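Engineer: First, the structure itself, so that you have it in front of you.
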Amino acid sequence: MNIIVLCGGLSSERDVSITSGKVAAQALRRKGHKAVLVDLFFGYTLPYEKAEDIFDAEYFDDLGGIGEDVPDLDALRSMRGGRGRIGANVVEVCAAADIVFLALHGEDGEDGKVQAMFDLYDIRYTGTGTLGSSVAMNKEVAKKLFAQSGILTPMGITVNKYDEAYANVGFPCVVKPRSGGSSVGTSVVDREEDYAAALELGFKYEDNLIVEQYVKGRECDVGVICGKALPVIEICPKSGWFDYTNKYQSGMTDEYCPADIPEETAKVLQEAAVKVFDALLLEVYARMDFIVDAEGKAWCLEANTLPGLTPASLMPKEAAAAGIPYDDFCEFIVTESLKKYN
């Protein structure tokens with residue numbers, strides 16, 4: 001098949017997305033597909049006469065990697081100039097593909113906007129559709145659906161940048177952007193005197209923040225493919241908590257899959273993950289983040305509708321533990337996504 005692997009974009013998770021896109025494109029090529037890597041923000045930058053021609057051109061994957069710091073989005077905007085968040089030829093080249101493999105993370109990709117655009121142009125793409133993507137990305141809406149569906153989640157409130165006074169839920173608490181990911185702009189706040197600084201950091205990325213109770217426990221994730229849960233993975237940062245650096249810099253975190261937890265706890269997590277998958281109207285695949293407290297209760301933090309596909313990412317490791325090699329996992333995402341259009 002001719003496949004566009006769409007990555008990058010104007011998101012704080014841009015670097016992670018590019019790395020996901022690179023390895024996914026390489027995997028799809030090894031499976032015999034013509035996979036072309038395209039940056040959502042800059043578009044396809046090599047010359048061509050017809051969009052179909054790019055699938056037979058030499059592959060160009062040198063779009064960068066994951067640095068220690070969050071990308072400078074203002075600098076990126078100035079490089080392209082003008083208005084808009086989508087490269088000039090993105091729709092054209094994506095329409096020429098059999099399907100678009102979405103390797104986007106965060107804003108303009110995981111929030112349903114790109115999916116909505118593709119729906120209007122009848123462009124086929126992988127993963128969850130417009131509604132499920134937008135619902136899952138908005139942590140305020142997701143929490144309300146968790147509550148309605150009987151899914152345990154930390155109590156939280158929304159704080160707007162332009163509020164006259166900023167409420168809190170007590171301390172310790174977690175402050176994070178309402179629609180962000182990869183722990184960008186997120187702080188764990190132990191005392192009231194550090195609260196203002198946490199809000200200031202979060203408001204750099206979004207005008208609405210979620211302030212939620214901190215639940216102490218073991219951090220576990222569960223991927224779901226087509227309604228079936230994968231083995232549980234446990235994340236153990238060597239220092240601090242699972243922030244941007246610990247997520248993506250090699251050697252900062254130990255991960256265990258299957259997690260060394262009681263079988264009953266693993267079952268509770270897997271059942272909860274499938275329940276979240278259904279409650280948020282997710283499709284094909286997703287990954288759910290949990291905290292397991294001292295009593296063995298599973299608290300769902302959020303759902304990731306386009307989870308990372310980097311060498312350090314969690315869901316590929318879960319798939320491997322279930323006997324699904326990385327290349328097969330990427331192709332499975334494509335074949336299962338195509339079923340949405342039959």
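Here, A, B, ... name the chains of the structure tokens in the order displayed, residue numbers run from 1 inside each chain, and ligands are numbered from 1 in the same displayed order.
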Could you give me, as a ChimeraX atom specification, the residues within 6 Å of segment 122-131 of chain A, counting only C-alpha atoms and dropping anything in the same chain fewer than 5 positions from it?

Structural biologist: /A:95,99-102,112,115-116,282-284,337

Engineer: Residues near Asp62 of chain A, anyone? I mean within 10 Å using only C-alpha atoms, not counting same-chain ones fewer than 4 positions away, as a list of chain:residue names.

Structural biologist: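 The contact residues come out as A:Ile18, A:Thr19, A:Lys22, A:Leu37.
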
Engineer: For segment 187-200 of chain A, find every residue with an atom within 6 Å (counting only C-alpha atoms), except residues of its own chain fewer than 2 positions away, and show them as an NGL selection string.

Structural biologist: :A and (171-175 or 202-203)

Engineer: Take the residues just selected and output them with N, CA and C atoms as a PDB file, in the first residue's frame.

Structural biologist:
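Writing done, so here's selection.pdb:
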ATOM      1  N   PHE A 171      -3.306  19.775  48.936  1.00  0.00           N
ATOM      2  CA  PHE A 171      -1.949  19.341  48.576  1.00  0.00           C
ATOM      3  C   PHE A 171      -1.617  18.023  49.279  1.00  0.00           C
ATOM      4  N   PRO A 172      -0.855  17.162  48.614  1.00  0.00           N
ATOM      5  CA  PRO A 172      -0.258  17.322  47.282  1.00  0.00           C
ATOM      6  C   PRO A 172      -1.310  17.241  46.170  1.00  0.00           C
ATOM      7  N   CYS A 173      -0.973  17.833  45.035  1.00  0.00           N
ATOM      8  CA  CYS A 173      -1.865  17.792  43.876  1.00  0.00           C
ATOM      9  C   CYS A 173      -1.030  17.769  42.594  1.00  0.00           C
ATOM     10  N   VAL A 174      -1.690  17.527  41.484  1.00  0.00           N
ATOM     11  CA  VAL A 174      -1.035  17.533  40.169  1.00  0.00           C
ATOM     12  C   VAL A 174      -1.667  18.643  39.343  1.00  0.00           C
ATOM     13  N   VAL A 175      -0.828  19.463  38.726  1.00  0.00           N
ATOM     14  CA  VAL A 175      -1.286  20.547  37.860  1.00  0.00           C
ATOM     15  C   VAL A 175      -0.828  20.220  36.444  1.00  0.00           C
ATOM     16  N   GLY A 202       2.152  25.708  33.679  1.00  0.00           N
ATOM     17  CA  GLY A 202       1.078  25.116  32.889  1.00  0.00           C
ATOM     18  C   GLY A 202       0.445  26.088  31.921  1.00  0.00           C
ATOM     19  N   PHE A 203       0.277  27.345  32.363  1.00  0.00           N
ATOM     20  CA  PHE A 203      -0.366  28.351  31.510  1.00  0.00           C
ATOM     21  C   PHE A 203       0.510  28.766  30.328  1.00  0.00           C
TER      22      PHE A 203
END

Engineer: Do you know which residues are at most 9 Å from Ala97 of chain A counting only C-alpha atoms, after dropping those on the same chain fewer than 6 positions away, and could you put them as a ChimeraX atom specification?

Structural biologist: /A:1-4,51-52,55,123-124

Engineer: Convert the current residue selection to file output with C-alpha atoms, as a PDB file, in the first residue's frame.

Structural biologist:
ATOM      1  CA  MET A   1       0.000   0.000   0.000  1.00  0.00           C
ATOM      2  CA  ASN A   2       0.943   3.647  -0.405  1.00  0.00           C
ATOM      3  CA  ILE A   3       0.989   5.099   3.105  1.00  0.00           C
ATOM      4  CA  ILE A   4       1.655   8.611   4.384  1.00  0.00           C
ATOM      5  CA  ALA A  51       1.322  13.640  -5.564  1.00  0.00           C
ATOM      6  CA  GLU A  52       1.319   9.940  -6.474  1.00  0.00           C
ATOM      7  CA  PHE A  55       5.678   6.999  -3.149  1.00  0.00           C
ATOM      8  CA  ILE A 123      -9.098  10.670   3.515  1.00  0.00           C
ATOM      9  CA  ARG A 124      -8.656   7.400   5.374  1.00  0.00           C
TER      10      ARG A 124
END

Engineer: List the spatial neighbours of Ser11 of chain A as a PyMOL selection string - criterion: any atom at most 8 Å away, only C-alpha atoms, same-chain residues fewer than 3 positions off excluded.

Structural biologist: chain A and resi 8+14+73+105-108

Engineer: Can you spit out the residues from that selection as a CSV table (one decimal), in the first residue's frame, using N, CA and C atoms?

Structural biologist:
chain,number,residue,atom,x,y,z
A,8,GLY,N,5.0,15.1,13.5
A,8,GLY,CA,5.5,16.5,13.7
A,8,GLY,C,4.3,17.4,14.1
A,14,ARG,N,6.0,17.5,19.4
A,14,ARG,CA,6.4,17.4,18.0
A,14,ARG,C,7.6,16.5,17.9
A,73,LEU,N,8.1,26.3,19.9
A,73,LEU,CA,7.1,26.4,18.8
A,73,LEU,C,7.0,27.8,18.2
A,105,HIS,N,1.2,13.4,18.0
A,105,HIS,CA,0.9,13.4,19.4
A,105,HIS,C,0.5,14.8,19.8
A,106,GLY,N,-0.4,14.9,20.7
A,106,GLY,CA,-0.8,16.2,21.3
A,106,GLY,C,-1.7,17.0,20.4
A,107,GLU,N,-1.6,18.3,20.5
A,107,GLU,CA,-2.4,19.2,19.7
A,107,GLU,C,-2.3,19.0,18.2
A,108,ASP,N,-3.3,19.3,17.4
A,108,ASP,CA,-3.3,19.1,16.0
A,108,ASP,C,-3.0,17.7,15.6

Engineer: For each of A:Lys31, A:Arg85, A:Arg80, A:Lys143, take the minimum atom-to-atom distance to Leu10 of chain A, counting only C-alpha atoms, then give the residue where this is smallest.

Structural biologist: A:Arg85

Engineer: Determine, counting only C-alpha atoms, which protein, DNA and RNA residues have an atom within 7 Å of an atom of Ile157 of chain A; residues of the same chain fewer than 2 positions away are not included. Present the result as a PDB file with C-alpha atoms, in the first residue's frame.

Structural biologist:
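Once everything was written out, this is selection-v1.pdb:
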ATOM      1  CA  VAL A 159      -8.629  26.375  36.407  1.00  0.00           C
ATOM      2  CA  ILE A 210      -6.588  20.476  35.389  1.00  0.00           C
ATOM      3  CA  VAL A 211      -5.751  20.502  39.090  1.00  0.00           C
ATOM      4  CA  GLU A 212      -6.356  17.061  40.527  1.00  0.00           C
TER       5      GLU A 212
END

Engineer: Considering only strand (DSSP E) as DSSP defines it on the backbone, what residues of segment 12-243 of chain A qualify? List them as a VMD selection string.

Structural biologist: chain A and resid 34 to 39 99 to 102 156 to 160 173 to 177 187 to 189 208 to 213 218 to 225 228 to 229 233 to 237

Engineer: Store the residues picked out above in a file with N, CA and C atoms, as a short mmCIF file (atom, residue, chain, number, x, y, z; two decimals), in the first residue's frame.

Structural biologist:
data_model
loop_
_atom_site.label_atom_id
_atom_site.label_comp_id
_atom_site.auth_asym_id
_atom_site.auth_seq_id
_atom_site.Cartn_x
_atom_site.Cartn_y
_atom_site.Cartn_z
N LYS A 34 4.90 1.14 0.77
CA LYS A 34 5.59 2.37 0.41
C LYS A 34 5.14 3.44 1.38
N ALA A 35 5.96 3.67 2.41
CA ALA A 35 5.58 4.59 3.50
C ALA A 35 6.43 5.85 3.42
N VAL A 36 5.77 6.99 3.29
CA VAL A 36 6.44 8.28 3.15
C VAL A 36 6.18 9.13 4.39
N LEU A 37 7.24 9.63 4.99
CA LEU A 37 7.13 10.45 6.20
C LEU A 37 6.87 11.90 5.82
N VAL A 38 5.82 12.48 6.42
CA VAL A 38 5.44 13.87 6.12
C VAL A 38 5.21 14.63 7.42
N ASP A 39 5.74 15.84 7.50
CA ASP A 39 5.55 16.71 8.65
C ASP A 39 4.25 17.50 8.46
N ILE A 99 -3.95 5.12 2.78
CA ILE A 99 -4.32 5.45 4.16
C ILE A 99 -3.22 6.31 4.76
N VAL A 100 -3.58 7.15 5.72
CA VAL A 100 -2.62 7.96 6.45
C VAL A 100 -2.40 7.34 7.83
N PHE A 101 -1.16 7.02 8.13
CA PHE A 101 -0.80 6.48 9.43
C PHE A 101 -0.50 7.67 10.34
N LEU A 102 -1.36 7.90 11.33
CA LEU A 102 -1.20 9.05 12.21
C LEU A 102 -0.19 8.76 13.31
N GLY A 156 -10.76 16.19 40.33
CA GLY A 156 -10.05 17.32 39.75
C GLY A 156 -10.97 18.48 39.43
N ILE A 157 -10.37 19.64 39.27
CA ILE A 157 -11.11 20.84 38.88
C ILE A 157 -10.38 21.49 37.70
N THR A 158 -11.08 22.34 36.98
CA THR A 158 -10.48 23.10 35.88
C THR A 158 -10.22 24.53 36.34
N VAL A 159 -9.01 25.01 36.06
CA VAL A 159 -8.63 26.38 36.41
C VAL A 159 -8.30 27.13 35.12
N ASN A 160 -8.94 28.28 34.92
CA ASN A 160 -8.71 29.08 33.72
C ASN A 160 -7.70 30.18 34.00
N CYS A 173 -0.97 17.83 45.03
CA CYS A 173 -1.86 17.79 43.88
C CYS A 173 -1.03 17.77 42.59
N VAL A 174 -1.69 17.53 41.48
CA VAL A 174 -1.04 17.53 40.17
C VAL A 174 -1.67 18.64 39.34
N VAL A 175 -0.83 19.46 38.73
CA VAL A 175 -1.29 20.55 37.86
C VAL A 175 -0.83 20.22 36.44
N LYS A 176 -1.77 20.19 35.49
CA LYS A 176 -1.40 19.83 34.12
C LYS A 176 -2.34 20.50 33.12
N PRO A 177 -1.85 20.74 31.91
CA PRO A 177 -2.73 21.29 30.86
C PRO A 177 -3.93 20.37 30.62
N SER A 187 3.14 19.57 36.73
CA SER A 187 3.89 19.65 37.99
C SER A 187 3.19 18.84 39.07
N VAL A 188 3.98 18.22 39.92
CA VAL A 188 3.46 17.63 41.16
C VAL A 188 3.77 18.61 42.27
N VAL A 189 2.73 19.12 42.94
CA VAL A 189 2.88 20.21 43.91
C VAL A 189 2.62 19.66 45.32
N ASN A 208 -6.31 26.58 30.00
CA ASN A 208 -7.09 25.80 30.96
C ASN A 208 -6.25 24.66 31.50
N LEU A 209 -6.19 24.57 32.83
CA LEU A 209 -5.42 23.53 33.49
C LEU A 209 -6.33 22.63 34.31
N ILE A 210 -5.94 21.38 34.45
CA ILE A 210 -6.59 20.48 35.39
C ILE A 210 -5.76 20.43 36.66
N VAL A 211 -6.39 20.66 37.78
CA VAL A 211 -5.75 20.50 39.09
C VAL A 211 -6.45 19.34 39.78
N GLU A 212 -5.73 18.26 39.99
CA GLU A 212 -6.36 17.06 40.53
C GLU A 212 -5.60 16.53 41.73
N GLN A 213 -6.30 15.77 42.56
CA GLN A 213 -5.68 15.18 43.74
C GLN A 213 -4.55 14.24 43.32
N ARG A 218 1.71 2.94 42.40
CA ARG A 218 2.52 2.43 41.30
C ARG A 218 1.90 2.86 39.98
N GLU A 219 2.73 3.38 39.08
CA GLU A 219 2.22 3.84 37.79
C GLU A 219 2.23 2.69 36.79
N CYS A 220 1.06 2.39 36.27
CA CYS A 220 0.90 1.29 35.32
C CYS A 220 0.12 1.76 34.10
N ASP A 221 0.43 1.17 32.96
CA ASP A 221 -0.28 1.50 31.73
C ASP A 221 -0.81 0.22 31.09
N VAL A 222 -1.94 0.37 30.40
CA VAL A 222 -2.54 -0.78 29.71
C VAL A 222 -2.98 -0.34 28.33
N GLY A 223 -2.45 -1.01 27.31
CA GLY A 223 -2.89 -0.77 25.95
C GLY A 223 -4.08 -1.63 25.61
N VAL A 224 -4.92 -1.12 24.73
CA VAL A 224 -6.08 -1.87 24.24
C VAL A 224 -6.06 -1.87 22.72
N ILE A 225 -6.18 -3.04 22.13
CA ILE A 225 -6.26 -3.17 20.69
C ILE A 225 -7.58 -3.82 20.34
N LYS A 228 -9.49 -5.35 23.17
CA LYS A 228 -8.85 -6.36 24.01
C LYS A 228 -7.60 -5.77 24.66
N ALA A 229 -7.45 -6.01 25.97
CA ALA A 229 -6.35 -5.42 26.72
C ALA A 229 -5.05 -6.20 26.53
N ILE A 233 1.99 -2.85 31.88
CA ILE A 233 3.38 -2.44 32.03
C ILE A 233 3.49 -1.49 33.22
N GLU A 234 4.51 -1.66 34.05
CA GLU A 234 4.75 -0.75 35.18
C GLU A 234 5.93 0.15 34.87
N ILE A 235 5.79 1.44 35.23
CA ILE A 235 6.82 2.43 34.96
C ILE A 235 7.44 2.87 36.28
N CYS A 236 8.76 2.78 36.37
CA CYS A 236 9.47 3.11 37.61
C CYS A 236 10.62 4.08 37.32
N PRO A 237 10.38 5.40 37.37
CA PRO A 237 11.47 6.36 37.17
C PRO A 237 12.55 6.17 38.22
#

Engineer: Please compute the atom CA of Asp72 of chain A-atom CA of Leu301 of chain A distance, one decimal, in Å.

Structural biologist: 26.9 Å

Engineer: According to DSSP computed on the backbone, where in segment 197-277 of chain A is there helix (DSSP H, G or I)? Give the residues as a PDB file with N, CA and C atoms, in the first residue's frame.

Structural biologist:
ATOM      1  N   ALA A 197       3.798  28.780  41.007  1.00  0.00           N
ATOM      2  CA  ALA A 197       4.801  28.468  39.990  1.00  0.00           C
ATOM      3  C   ALA A 197       4.323  27.349  39.067  1.00  0.00           C
ATOM      4  N   ALA A 198       3.609  26.380  39.635  1.00  0.00           N
ATOM      5  CA  ALA A 198       3.070  25.279  38.819  1.00  0.00           C
ATOM      6  C   ALA A 198       2.018  25.786  37.851  1.00  0.00           C
ATOM      7  N   LEU A 199       1.167  26.701  38.305  1.00  0.00           N
ATOM      8  CA  LEU A 199       0.164  27.299  37.422  1.00  0.00           C
ATOM      9  C   LEU A 199       0.834  28.095  36.305  1.00  0.00           C
ATOM     10  N   GLU A 200       1.844  28.866  36.655  1.00  0.00           N
ATOM     11  CA  GLU A 200       2.553  29.679  35.660  1.00  0.00           C
ATOM     12  C   GLU A 200       3.156  28.791  34.568  1.00  0.00           C
ATOM     13  N   LEU A 201       3.749  27.675  34.962  1.00  0.00           N
ATOM     14  CA  LEU A 201       4.320  26.746  33.989  1.00  0.00           C
ATOM     15  C   LEU A 201       3.235  26.172  33.089  1.00  0.00           C
ATOM     16  N   GLY A 202       2.152  25.708  33.679  1.00  0.00           N
ATOM     17  CA  GLY A 202       1.078  25.116  32.889  1.00  0.00           C
ATOM     18  C   GLY A 202       0.445  26.088  31.921  1.00  0.00           C
ATOM     19  N   PHE A 203       0.277  27.345  32.363  1.00  0.00           N
ATOM     20  CA  PHE A 203      -0.366  28.351  31.510  1.00  0.00           C
ATOM     21  C   PHE A 203       0.510  28.766  30.328  1.00  0.00           C
ATOM     22  N   TYR A 244       8.700  14.637  31.356  1.00  0.00           N
ATOM     23  CA  TYR A 244       9.123  14.605  29.947  1.00  0.00           C
ATOM     24  C   TYR A 244      10.510  13.973  29.791  1.00  0.00           C
ATOM     25  N   THR A 245      11.445  14.369  30.678  1.00  0.00           N
ATOM     26  CA  THR A 245      12.808  13.840  30.592  1.00  0.00           C
ATOM     27  C   THR A 245      12.836  12.347  30.875  1.00  0.00           C
ATOM     28  N   ASN A 246      12.161  11.927  31.943  1.00  0.00           N
ATOM     29  CA  ASN A 246      12.159  10.508  32.299  1.00  0.00           C
ATOM     30  C   ASN A 246      11.440   9.661  31.253  1.00  0.00           C
ATOM     31  N   LYS A 247      10.508  10.261  30.537  1.00  0.00           N
ATOM     32  CA  LYS A 247       9.778   9.526  29.500  1.00  0.00           C
ATOM     33  C   LYS A 247      10.659   9.197  28.301  1.00  0.00           C
ATOM     34  N   TYR A 248      11.493  10.163  27.879  1.00  0.00           N
ATOM     35  CA  TYR A 248      12.093  10.056  26.553  1.00  0.00           C
ATOM     36  C   TYR A 248      13.615  10.008  26.517  1.00  0.00           C
ATOM     37  N   GLU A 263      -2.056 -11.115  40.058  1.00  0.00           N
ATOM     38  CA  GLU A 263      -2.876 -11.407  38.888  1.00  0.00           C
ATOM     39  C   GLU A 263      -4.233 -10.709  38.964  1.00  0.00           C
ATOM     40  N   GLU A 264      -4.782 -10.637  40.161  1.00  0.00           N
ATOM     41  CA  GLU A 264      -6.082  -9.991  40.330  1.00  0.00           C
ATOM     42  C   GLU A 264      -5.992  -8.496  40.031  1.00  0.00           C
ATOM     43  N   THR A 265      -4.880  -7.857  40.455  1.00  0.00           N
ATOM     44  CA  THR A 265      -4.688  -6.434  40.166  1.00  0.00           C
ATOM     45  C   THR A 265      -4.547  -6.198  38.666  1.00  0.00           C
ATOM     46  N   ALA A 266      -3.797  -7.081  37.998  1.00  0.00           N
ATOM     47  CA  ALA A 266      -3.645  -6.962  36.545  1.00  0.00           C
ATOM     48  C   ALA A 266      -4.997  -7.079  35.854  1.00  0.00           C
ATOM     49  N   LYS A 267      -5.832  -7.978  36.342  1.00  0.00           N
ATOM     50  CA  LYS A 267      -7.155  -8.158  35.753  1.00  0.00           C
ATOM     51  C   LYS A 267      -8.005  -6.912  35.937  1.00  0.00           C
ATOM     52  N   VAL A 268      -7.937  -6.309  37.139  1.00  0.00           N
ATOM     53  CA  VAL A 268      -8.680  -5.081  37.411  1.00  0.00           C
ATOM     54  C   VAL A 268      -8.246  -3.970  36.454  1.00  0.00           C
ATOM     55  N   LEU A 269      -6.937  -3.834  36.247  1.00  0.00           N
ATOM     56  CA  LEU A 269      -6.414  -2.805  35.347  1.00  0.00           C
ATOM     57  C   LEU A 269      -6.867  -3.043  33.909  1.00  0.00           C
ATOM     58  N   GLN A 270      -6.792  -4.279  33.467  1.00  0.00           N
ATOM     59  CA  GLN A 270      -7.168  -4.578  32.082  1.00  0.00           C
ATOM     60  C   GLN A 270      -8.659  -4.358  31.853  1.00  0.00           C
ATOM     61  N   GLU A 271      -9.469  -4.756  32.808  1.00  0.00           N
ATOM     62  CA  GLU A 271     -10.912  -4.537  32.672  1.00  0.00           C
ATOM     63  C   GLU A 271     -11.231  -3.045  32.676  1.00  0.00           C
ATOM     64  N   ALA A 272     -10.529  -2.281  33.524  1.00  0.00           N
ATOM     65  CA  ALA A 272     -10.752  -0.837  33.578  1.00  0.00           C
ATOM     66  C   ALA A 272     -10.324  -0.177  32.263  1.00  0.00           C
ATOM     67  N   ALA A 273      -9.227  -0.645  31.685  1.00  0.00           N
ATOM     68  CA  ALA A 273      -8.742  -0.076  30.422  1.00  0.00           C
ATOM     69  C   ALA A 273      -9.757  -0.273  29.302  1.00  0.00           C
ATOM     70  N   VAL A 274     -10.333  -1.460  29.229  1.00  0.00           N
ATOM     71  CA  VAL A 274     -11.352  -1.724  28.206  1.00  0.00           C
ATOM     72  C   VAL A 274     -12.590  -0.865  28.464  1.00  0.00           C
ATOM     73  N   LYS A 275     -12.917  -0.668  29.721  1.00  0.00           N
ATOM     74  CA  LYS A 275     -14.072   0.163  30.073  1.00  0.00           C
ATOM     75  C   LYS A 275     -13.850   1.611  29.637  1.00  0.00           C
ATOM     76  N   VAL A 276     -12.627   2.105  29.829  1.00  0.00           N
ATOM     77  CA  VAL A 276     -12.281   3.453  29.382  1.00  0.00           C
ATOM     78  C   VAL A 276     -12.349   3.535  27.860  1.00  0.00           C
ATOM     79  N   PHE A 277     -11.815   2.534  27.186  1.00  0.00           N
ATOM     80  CA  PHE A 277     -11.828   2.463  25.727  1.00  0.00           C
ATOM     81  C   PHE A 277     -13.249   2.607  25.195  1.00  0.00           C
TER      82      PHE A 277
END

Engineer: Using only C-alpha atoms, can you tell me which of A:Glu140, A:Ala27, A:Tyr59, A:Arg77 comes closest to Pro311 of chain A?

Structural biologist: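 Residue with the minimum atom-to-atom distance to Pro311 of chain A: A:Ala27.
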
Engineer: Which one of A:Tyr162, A:Lys139, A:Gly217, A:Asn89 sits closest to Ala294 of chain A if you count only C-alpha atoms?

Structural biologist: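 Result for the nearest residue to Ala294 of chain A: A:Gly217.
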
Engineer: At a cut-off of 8 Å, using only C-alpha atoms, what residues contact Asn304 of chain A? Leave out same-chain residues fewer than 5 positions from it and give the result as number ranges by chain.

Structural biologist: A: 136-137, 286-289

Engineer: Please produce an output containing N, CA and C atoms for each residue in the selection, written as an mmCIF file, in the first residue's frame.

Structural biologist:
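Okay, out34.cif is ready:
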data_model
loop_
_atom_site.group_PDB
_atom_site.id
_atom_site.type_symbol
_atom_site.label_atom_id
_atom_site.label_comp_id
_atom_site.auth_asym_id
_atom_site.auth_seq_id
_atom_site.Cartn_x
_atom_site.Cartn_y
_atom_site.Cartn_z
ATOM 1 N N ALA A 136 -11.307 12.268 24.417
ATOM 2 C CA ALA A 136 -10.215 11.738 25.225
ATOM 3 C C ALA A 136 -9.159 12.798 25.513
ATOM 4 N N MET A 137 -8.936 13.697 24.548
ATOM 5 C CA MET A 137 -7.893 14.708 24.720
ATOM 6 C C MET A 137 -8.268 15.741 25.779
ATOM 7 N N ALA A 286 -5.461 2.195 21.714
ATOM 8 C CA ALA A 286 -5.244 3.315 22.623
ATOM 9 C C ALA A 286 -4.497 2.781 23.835
ATOM 10 N N ARG A 287 -3.976 3.701 24.642
ATOM 11 C CA ARG A 287 -3.269 3.304 25.862
ATOM 12 C C ARG A 287 -3.797 4.117 27.035
ATOM 13 N N MET A 288 -4.101 3.433 28.139
ATOM 14 C CA MET A 288 -4.646 4.082 29.311
ATOM 15 C C MET A 288 -3.616 4.124 30.438
ATOM 16 N N ASP A 289 -3.548 5.278 31.131
ATOM 17 C CA ASP A 289 -2.598 5.477 32.224
ATOM 18 C C ASP A 289 -3.311 5.344 33.568
#

Engineer: Find the residue from A:Glu302, A:Glu206, A:Ala165, A:Pro231 that sits nearest to Ala322 of chain A; use only C-alpha atoms when measuring.

Structural biologist: A:Pro231

Engineer: Under the rule that only C-alpha atoms are counted, which of A:Cys300, A:Asp111, A:Cys257, A:Met155 is the nearest residue to Gly170 of chain A?

Structural biologist: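 Closest to Gly170 of chain A, using only C-alpha atoms: A:Met155.
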